[in-house]
file start00.cif (mmCIF, C-alpha atoms, pLDDT in the B column; chains and numbers go by the auth columns)
data_input
#
loop_
_atom_site.group_PDB
_atom_site.id
_atom_site.type_symbol
_atom_site.label_atom_id
_atom_site.label_comp_id
_atom_site.label_asym_id
_atom_site.label_seq_id
_atom_site.Cartn_x
_atom_site.Cartn_y
_atom_site.Cartn_z
_atom_site.B_iso_or_equiv
_atom_site.auth_seq_id
_atom_site.auth_asym_id
ATOM 1 C CA MET A 1 -0.529 -2.494 -3.116 33.00 1 A
ATOM 2 C CA SER A 2 0.867 0.629 -1.538 39.00 2 A
ATOM 3 C CA THR A 3 0.673 4.393 -1.457 45.00 3 A
ATOM 4 C CA ASP A 4 4.156 4.551 -3.024 49.00 4 A
ATOM 5 C CA GLY A 5 5.685 6.811 -0.378 55.00 5 A
ATOM 6 C CA GLN A 6 3.137 9.641 -0.243 73.00 6 A
ATOM 7 C CA ILE A 7 2.928 10.688 3.409 80.00 7 A
ATOM 8 C CA VAL A 8 -0.458 11.185 5.053 82.00 8 A
ATOM 9 C CA ALA A 9 -0.566 12.922 8.445 83.00 9 A
ATOM 10 C CA SER A 10 -3.417 13.005 10.939 81.00 10 A
ATOM 11 C CA GLY A 11 -4.553 16.456 11.953 77.00 11 A
ATOM 12 C CA ASN A 12 -6.768 15.394 14.843 83.00 12 A
ATOM 13 C CA LYS A 13 -7.905 12.254 16.612 89.00 13 A
ATOM 14 C CA GLY A 14 -10.431 10.584 14.303 89.00 14 A
ATOM 15 C CA SER A 15 -8.937 11.971 11.082 90.00 15 A
ATOM 16 C CA TRP A 16 -9.132 9.546 8.179 92.00 16 A
ATOM 17 C CA THR A 17 -8.081 8.988 4.610 93.00 17 A
ATOM 18 C CA CYS A 18 -9.431 6.564 2.021 94.00 18 A
ATOM 19 C CA VAL A 19 -8.088 4.491 -0.868 95.00 19 A
ATOM 20 C CA ILE A 20 -10.911 3.875 -3.333 96.00 20 A
ATOM 21 C CA GLY A 21 -11.139 0.620 -5.280 96.00 21 A
ATOM 22 C CA ALA A 22 -8.222 -1.330 -3.799 96.00 22 A
ATOM 23 C CA ASP A 23 -8.161 -4.789 -5.395 96.00 23 A
ATOM 24 C CA PHE A 24 -7.134 -7.530 -2.963 96.00 24 A
ATOM 25 C CA GLY A 25 -7.515 -10.184 -5.676 94.00 25 A
ATOM 26 C CA ASP A 26 -7.834 -13.701 -4.278 94.00 26 A
ATOM 27 C CA GLY A 27 -7.174 -12.434 -0.794 94.00 27 A
ATOM 28 C CA ALA A 28 -4.896 -10.894 1.792 97.00 28 A
ATOM 29 C CA SER A 29 -4.452 -12.132 5.338 97.00 29 A
ATOM 30 C CA ALA A 30 -2.587 -9.113 6.762 97.00 30 A
ATOM 31 C CA ILE A 31 -1.646 -5.496 6.219 97.00 31 A
ATOM 32 C CA ASN A 32 1.701 -3.771 6.725 96.00 32 A
ATOM 33 C CA ILE A 33 1.791 -0.032 7.445 94.00 33 A
ATOM 34 C CA CYS A 34 4.882 2.171 7.700 93.00 34 A
ATOM 35 C CA ALA A 35 4.121 5.029 10.092 92.00 35 A
ATOM 36 C CA LYS A 36 5.471 7.151 12.921 92.00 36 A
ATOM 37 C CA GLY A 37 3.812 8.627 15.960 92.00 37 A
ATOM 38 C CA LYS A 38 2.042 7.167 18.970 91.00 38 A
ATOM 39 C CA GLY A 39 -1.380 5.616 18.778 91.00 39 A
ATOM 40 C CA VAL A 40 -3.552 3.415 16.599 94.00 40 A
ATOM 41 C CA ILE A 41 -4.490 3.325 12.938 95.00 41 A
ATOM 42 C CA GLU A 42 -7.715 1.407 12.361 97.00 42 A
ATOM 43 C CA VAL A 43 -8.267 -0.178 8.950 97.00 43 A
ATOM 44 C CA ARG A 44 -11.931 -0.282 7.927 98.00 44 A
ATOM 45 C CA LEU A 45 -13.356 -1.582 4.674 98.00 45 A
ATOM 46 C CA ASP A 46 -15.993 0.056 2.466 97.00 46 A
ATOM 47 C CA ASN A 47 -17.264 2.599 5.036 95.00 47 A
ATOM 48 C CA GLN A 48 -15.483 4.590 7.736 94.00 48 A
ATOM 49 C CA LEU A 49 -18.255 3.626 10.180 95.00 49 A
ATOM 50 C CA ASN A 50 -17.782 -0.149 9.735 97.00 50 A
ATOM 51 C CA ASP A 51 -16.037 -2.175 12.442 97.00 51 A
ATOM 52 C CA PRO A 52 -12.235 -2.248 12.072 97.00 52 A
ATOM 53 C CA SER A 53 -10.787 -5.078 9.997 97.00 53 A
ATOM 54 C CA ALA A 54 -7.385 -4.467 11.621 97.00 54 A
ATOM 55 C CA ASP A 55 -5.857 -2.259 14.351 95.00 55 A
ATOM 56 C CA LEU A 56 -2.206 -1.239 14.071 94.00 56 A
ATOM 57 C CA ARG A 57 -0.456 0.254 17.117 92.00 57 A
ATOM 58 C CA PHE A 58 2.534 2.577 16.794 88.00 58 A
ATOM 59 C CA ASP A 59 4.969 4.006 19.340 89.00 59 A
ATOM 60 C CA SER A 60 7.751 5.709 17.393 86.00 60 A
ATOM 61 C CA ASP A 61 7.968 9.500 17.349 80.00 61 A
ATOM 62 C CA SER A 62 11.301 9.879 15.583 83.00 62 A
ATOM 63 C CA GLU A 63 11.451 7.185 12.870 90.00 63 A
ATOM 64 C CA TYR A 64 9.050 5.455 10.530 92.00 64 A
ATOM 65 C CA THR A 65 8.335 1.893 11.648 92.00 65 A
ATOM 66 C CA ASN A 66 6.750 -1.008 9.765 93.00 66 A
ATOM 67 C CA VAL A 67 3.934 -2.711 11.655 93.00 67 A
ATOM 68 C CA LYS A 68 2.221 -5.807 10.294 95.00 68 A
ATOM 69 C CA VAL A 69 -1.050 -7.128 11.678 95.00 69 A
ATOM 70 C CA GLU A 70 -3.441 -9.865 10.592 96.00 70 A
ATOM 71 C CA PHE A 71 -6.865 -8.912 9.268 97.00 71 A
ATOM 72 C CA LYS A 72 -9.669 -10.205 11.494 96.00 72 A
ATOM 73 C CA ASP A 73 -10.962 -12.054 8.397 95.00 73 A
ATOM 74 C CA LYS A 74 -9.235 -12.670 5.070 96.00 74 A
ATOM 75 C CA VAL A 75 -9.952 -9.809 2.648 96.00 75 A
ATOM 76 C CA SER A 76 -10.543 -10.460 -1.058 96.00 76 A
ATOM 77 C CA GLY A 77 -11.999 -8.589 -3.999 96.00 77 A
ATOM 78 C CA VAL A 78 -12.303 -4.833 -4.454 97.00 78 A
ATOM 79 C CA HIS A 79 -12.829 -2.582 -1.411 97.00 79 A
ATOM 80 C CA ASN A 80 -12.481 1.000 -0.325 98.00 80 A
ATOM 81 C CA ILE A 81 -9.939 1.142 2.523 97.00 81 A
ATOM 82 C CA PHE A 82 -10.379 3.697 5.303 97.00 82 A
ATOM 83 C CA PHE A 83 -7.406 4.451 7.543 96.00 83 A
ATOM 84 C CA ILE A 84 -8.736 6.008 10.775 95.00 84 A
ATOM 85 C CA PHE A 85 -6.108 7.757 12.931 94.00 85 A
ATOM 86 C CA GLY A 86 -6.696 7.225 16.657 91.00 86 A
ATOM 87 C CA GLU A 87 -4.517 10.169 17.727 87.00 87 A
ATOM 88 C CA ASP A 88 -3.182 13.378 16.268 84.00 88 A
ATOM 89 C CA ASN A 89 0.413 13.589 15.011 86.00 89 A
ATOM 90 C CA ILE A 90 0.507 10.166 13.318 90.00 90 A
ATOM 91 C CA SER A 91 2.136 10.082 9.865 91.00 91 A
ATOM 92 C CA MET A 92 1.642 7.166 7.470 91.00 92 A
ATOM 93 C CA ASP A 93 4.231 6.701 4.725 90.00 93 A
ATOM 94 C CA SER A 94 3.005 3.530 3.012 91.00 94 A
ATOM 95 C CA TRP A 95 0.817 0.467 3.293 93.00 95 A
ATOM 96 C CA GLN A 96 0.841 -2.972 1.715 95.00 96 A
ATOM 97 C CA ALA A 97 -1.564 -5.902 1.752 95.00 97 A
ATOM 98 C CA VAL A 98 0.087 -9.227 2.582 94.00 98 A
ATOM 99 C CA LYS A 99 -1.118 -12.606 1.303 91.00 99 A
#

call {"tool": "encode", "arguments": {"input": "start00.cif", "output": "structure tokens"}}
result
Amino acid sequence: MSTDGQIVASGNKGSWTCVIGADFGDGASAINICAKGKGVIEVRLDNQLNDPSADLRFDSDSEYTNVKVEFKDKVSGVHNIFFIFGEDNISMDSWQAVK
């Protein structure tokens, strides 16, 4: 699963975007995000107010970097995925669930 190279940029701290109906099938143990900027992207499932299922930290202003982090619990089935940007000036190029 991925966004297929469509860049999403945070405008302000706390900005978010959502992927509706992502199917994790039998399960994913981690997520890989390609982004640039400095800060954190929180991954929350089903509601932007839920506790984060994963926190990805970035520190690369000039180039996109792949960061992989384990989900706190294995994720399976269909979920809405909320990407919450912890700082402004973070750009996300793609994401992928990892079994």

call {"tool": "resolve_selection", "arguments": {"input": "start00.cif", "expression": "the PyMOL selection byres ((chain A and resi 62-72) around 12)", "output": "ChimeraX atom specification"}}
result
/A:5,7,27-38,40-45,51-61,73-76,89-99

call {"tool": "atom_distance", "arguments": {"input": "start00.cif", "atom1": "CA of Gly25 in chain A", "atom2": "CA of Phe85 in chain A"}}
result
25.9 Å

call {"tool": "atom_distance", "arguments": {"input": "start00.cif", "atom1": "CA of Asp26 in chain A", "atom2": "CA of Gln6 in chain A"}}
result
26.1 Å

call {"tool": "residues_around", "arguments": {"input": "start00.cif", "residues": "Asn80 in chain A", "least_positions_apart": "5", "cutoff": "6 Å", "atoms": "only C-alpha atoms", "output": "list in words"}}
result
Val19, Ile20, Gly21, Ala22, Leu45 and Asp46 of chain A

call {"tool": "closest_residue", "arguments": {"input": "start00.cif", "among": "A:Val78, A:Ile84, A:Leu49, A:Gly39", "to": "Thr17 in chain A", "atoms": "only C-alpha atoms"}}
result
A:Ile84

call {"tool": "atom_distance", "arguments": {"input": "start00.cif", "atom1": "CA of Glu87 in chain A", "atom2": "CA of Phe24 in chain A"}}
result
27.4 Å

call {"tool": "decode", "arguments": {"input": "start00.cif", "residues": "range 34-46 of chain A", "atoms": "all heavy atoms", "output": "mmCIF file, in the first residue's frame"}}
result
data_model
loop_
_atom_site.group_PDB
_atom_site.id
_atom_site.type_symbol
_atom_site.label_atom_id
_atom_site.label_comp_id
_atom_site.auth_asym_id
_atom_site.auth_seq_id
_atom_site.Cartn_x
_atom_site.Cartn_y
_atom_site.Cartn_z
ATOM 1 N N CYS A 34 8.328 7.704 3.514
ATOM 2 C CA CYS A 34 9.379 8.478 2.861
ATOM 3 C C CYS A 34 8.993 9.948 3.024
ATOM 4 O O CYS A 34 7.950 10.379 2.515
ATOM 5 C CB CYS A 34 9.480 8.092 1.394
ATOM 6 S SG CYS A 34 10.760 8.996 0.507
ATOM 7 N N ALA A 35 9.815 10.692 3.753
ATOM 8 C CA ALA A 35 9.492 12.092 4.045
ATOM 9 C C ALA A 35 10.763 12.915 4.182
ATOM 10 O O ALA A 35 11.865 12.373 4.277
ATOM 11 C CB ALA A 35 8.665 12.186 5.316
ATOM 12 N N LYS A 36 10.576 14.247 4.200
ATOM 13 C CA LYS A 36 11.694 15.134 4.520
ATOM 14 C C LYS A 36 11.177 16.235 5.431
ATOM 15 O O LYS A 36 9.986 16.556 5.436
ATOM 16 C CB LYS A 36 12.362 15.695 3.280
ATOM 17 C CG LYS A 36 11.587 16.733 2.521
ATOM 18 C CD LYS A 36 12.424 17.254 1.361
ATOM 19 C CE LYS A 36 11.643 18.274 0.542
ATOM 20 N NZ LYS A 36 12.430 18.800 -0.565
ATOM 21 N N GLY A 37 12.095 16.778 6.200
ATOM 22 C CA GLY A 37 11.764 17.786 7.191
ATOM 23 C C GLY A 37 12.291 17.343 8.539
ATOM 24 O O GLY A 37 12.991 16.330 8.656
ATOM 25 N N LYS A 38 11.961 18.096 9.570
ATOM 26 C CA LYS A 38 12.378 17.753 10.925
ATOM 27 C C LYS A 38 11.153 17.663 11.806
ATOM 28 O O LYS A 38 10.328 18.588 11.811
ATOM 29 C CB LYS A 38 13.329 18.810 11.486
ATOM 30 C CG LYS A 38 14.665 18.832 10.805
ATOM 31 C CD LYS A 38 15.599 19.822 11.447
ATOM 32 C CE LYS A 38 16.939 19.799 10.720
ATOM 33 N NZ LYS A 38 17.882 20.722 11.308
ATOM 34 N N GLY A 39 11.027 16.541 12.503
ATOM 35 C CA GLY A 39 9.891 16.388 13.395
ATOM 36 C C GLY A 39 9.348 14.972 13.393
ATOM 37 O O GLY A 39 10.054 14.021 13.086
ATOM 38 N N VAL A 40 8.078 14.866 13.725
ATOM 39 C CA VAL A 40 7.420 13.571 13.911
ATOM 40 C C VAL A 40 6.159 13.507 13.058
ATOM 41 O O VAL A 40 5.440 14.490 12.920
ATOM 42 C CB VAL A 40 7.020 13.381 15.395
ATOM 43 C CG1 VAL A 40 6.247 12.088 15.599
ATOM 44 C CG2 VAL A 40 8.231 13.421 16.293
ATOM 45 N N ILE A 41 5.917 12.338 12.478
ATOM 46 C CA ILE A 41 4.627 12.025 11.886
ATOM 47 C C ILE A 41 4.026 10.920 12.741
ATOM 48 O O ILE A 41 4.623 9.853 12.891
ATOM 49 C CB ILE A 41 4.726 11.569 10.420
ATOM 50 C CG1 ILE A 41 5.317 12.674 9.545
ATOM 51 C CG2 ILE A 41 3.354 11.140 9.902
ATOM 52 C CD1 ILE A 41 5.553 12.258 8.100
ATOM 53 N N GLU A 42 2.867 11.185 13.327
ATOM 54 C CA GLU A 42 2.159 10.161 14.088
ATOM 55 C C GLU A 42 1.184 9.459 13.158
ATOM 56 O O GLU A 42 0.527 10.101 12.336
ATOM 57 C CB GLU A 42 1.370 10.775 15.247
ATOM 58 C CG GLU A 42 2.231 11.399 16.316
ATOM 59 C CD GLU A 42 1.414 12.015 17.416
ATOM 60 O OE1 GLU A 42 0.180 12.195 17.255
ATOM 61 O OE2 GLU A 42 2.003 12.330 18.455
ATOM 62 N N VAL A 43 1.092 8.137 13.303
ATOM 63 C CA VAL A 43 0.146 7.341 12.527
ATOM 64 C C VAL A 43 -0.954 6.899 13.486
ATOM 65 O O VAL A 43 -0.679 6.215 14.480
ATOM 66 C CB VAL A 43 0.831 6.120 11.889
ATOM 67 C CG1 VAL A 43 -0.173 5.292 11.107
ATOM 68 C CG2 VAL A 43 1.987 6.564 10.995
ATOM 69 N N ARG A 44 -2.180 7.320 13.198
ATOM 70 C CA ARG A 44 -3.323 6.964 14.047
ATOM 71 C C ARG A 44 -4.355 6.253 13.188
ATOM 72 O O ARG A 44 -4.532 6.584 12.019
ATOM 73 C CB ARG A 44 -3.929 8.212 14.682
ATOM 74 C CG ARG A 44 -2.927 8.952 15.546
ATOM 75 C CD ARG A 44 -3.522 10.185 16.150
ATOM 76 N NE ARG A 44 -2.492 10.937 16.865
ATOM 77 C CZ ARG A 44 -2.757 11.786 17.840
ATOM 78 N NH1 ARG A 44 -4.002 11.991 18.221
ATOM 79 N NH2 ARG A 44 -1.778 12.429 18.424
ATOM 80 N N LEU A 45 -5.031 5.288 13.771
ATOM 81 C CA LEU A 45 -6.006 4.500 13.028
ATOM 82 C C LEU A 45 -7.427 4.885 13.402
ATOM 83 O O LEU A 45 -7.742 5.062 14.586
ATOM 84 C CB LEU A 45 -5.788 3.010 13.281
ATOM 85 C CG LEU A 45 -4.418 2.465 12.881
ATOM 86 C CD1 LEU A 45 -4.310 0.990 13.237
ATOM 87 C CD2 LEU A 45 -4.153 2.675 11.389
ATOM 88 N N ASP A 46 -8.257 5.031 12.383
ATOM 89 C CA ASP A 46 -9.710 5.188 12.473
ATOM 90 C C ASP A 46 -10.209 6.541 12.961
ATOM 91 O O ASP A 46 -11.324 6.929 12.643
ATOM 92 C CB ASP A 46 -10.332 4.066 13.306
ATOM 93 C CG ASP A 46 -10.026 2.701 12.711
ATOM 94 O OD1 ASP A 46 -10.105 2.574 11.473
ATOM 95 O OD2 ASP A 46 -9.681 1.784 13.464
#
